[in-house]
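Just below is one structure, and these are the notes that go with it.
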Amino acid sequence: MYKILVILIIFIINISLSYGNNAKKTLMVDLDGVLDNYIFYTDEIPSIRTGAKDFIKKLSDNYELILFTTRSPKQATQWLQQNKIDSYFKYVTNVKIPAYIYIDDRAIKFNGDYNKTIKEIENFRVHWKK
């Protein structure tokens with residue numbers, strides 16, 4: 001019940017902020033493999049990727065950023081603080097909420113062609129395993 005309530009509150013906050021007069025669109029940014037030097041899962045979050053700080057700073061000029069991760073929000077928030085990029089994110093969540101775009105290292109964009117999508121799934125490799 002608690003998790004459903006948290007999801008609902010996050011959804012309501014996001015929707016209410018997204019429909020203001022000058023509201024920025026929301027981007028959800030994945031942590032592992034996008035912002036850090038992820039190779040395989042460990043309890044510790046790897047070091048920040050080269051260029052990630054500049055990437056986040058540029059995005060924050062035009063978008064509201066939310067960090068999406070399967071790690072604990074507390075651990076991810078501490079990592080953001082240690083890397084001095086916490087101020088660019090509205091919050092951290094492990095729930096995919098409505099957003100304009102999701103930036104993730106494990107994603108395939110569906111373009112309307114199921115057969116092409118199946119081939120992309122079969123041939124998929126994350127960038128750090130190529």
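Residues in the structure tokens are named by chain (A, B, ... in the order shown) and by number from 1 within that chain; ligands are numbered from 1 in the order shown.
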As a ChimeraX atom specification, list the residues of chain A assigned to alpha helix (DSSP H) by DSSP on the backbone atoms of this structure. /A:2-18,52-62,73-82,114-122
Can you list, as a list in words, every protein, DNA or RNA residue that comes within 8 Å of Phe68 of chain A when you count only C-alpha atoms, leaving out same-chain residues fewer than 3 positions away?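 Listed by chain and then number, they are Met28, Val29, Asp30, Leu31, Val92, Thr93, Asn94, Val95 and Lys96 of chain A.
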Ranking A:Ile103, A:Ile108, A:Ile121, A:Leu27 by minimum distance to Asn62 of chain A and counting only C-alpha atoms, which one comes first?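 Ranked by minimum distance to Asn62 of chain A, first place goes to A:Leu27.
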So which one's closest to Lys53 of chain A, A:Lys119, A:Lys90, A:Arg106, A:Lys84? Using only C-alpha atoms, please. A:Lys84
Hey, which of A:Lys24, A:Asp104, A:Asp86, A:Arg49 ends up closest to Lys74 of chain A? Count only C-alpha atoms.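 Comparing A:Lys24, A:Asp104, A:Asp86, A:Arg49 against Lys74 of chain A, the winner is A:Asp86.
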Could you state the separation of atom CA of Trp79 of chain A and atom CA of Tyr102 of chain A in Å, given to one decimal place?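 Spanning atom CA of Trp79 of chain A to atom CA of Tyr102 of chain A is a straight-line distance of 20.2 Å.
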Counting only C-alpha atoms, which residue out of A:Val126, A:Ile97, A:Ile39, A:Ile48 sits closest to Asn83 of chain A?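 Selected residue with least distance to Asn83 of chain A: A:Ile48.
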Pull the strand (DSSP E or B) assignments for chain A out of DSSP run on the backbone, and list those residues as a PyMOL selection string. chain A and resi 25-30+36+48+63-68+89-93+101-103
What is the atom CA of Glu120 of chain A to atom CA of Ile101 of chain A distance in Å?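 Interatomic distance, atom CA of Glu120 of chain A to atom CA of Ile101 of chain A: 19.6 Å.
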Pick the closest to Lys25 of chain A from A:Asn111, A:Ser60, A:Ser87, A:Gln81: which is it, counting only C-alpha atoms?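 That would be A:Ser60, the residue with the smallest distance to Lys25 of chain A.
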For atom CA of Leu80 of chain A and atom CA of Asp105 of chain A, quote the distance in Å rounded to one decimal.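 Computing the Euclidean distance for atom CA of Leu80 of chain A and atom CA of Asp105 of chain A yields 18.3 Å.
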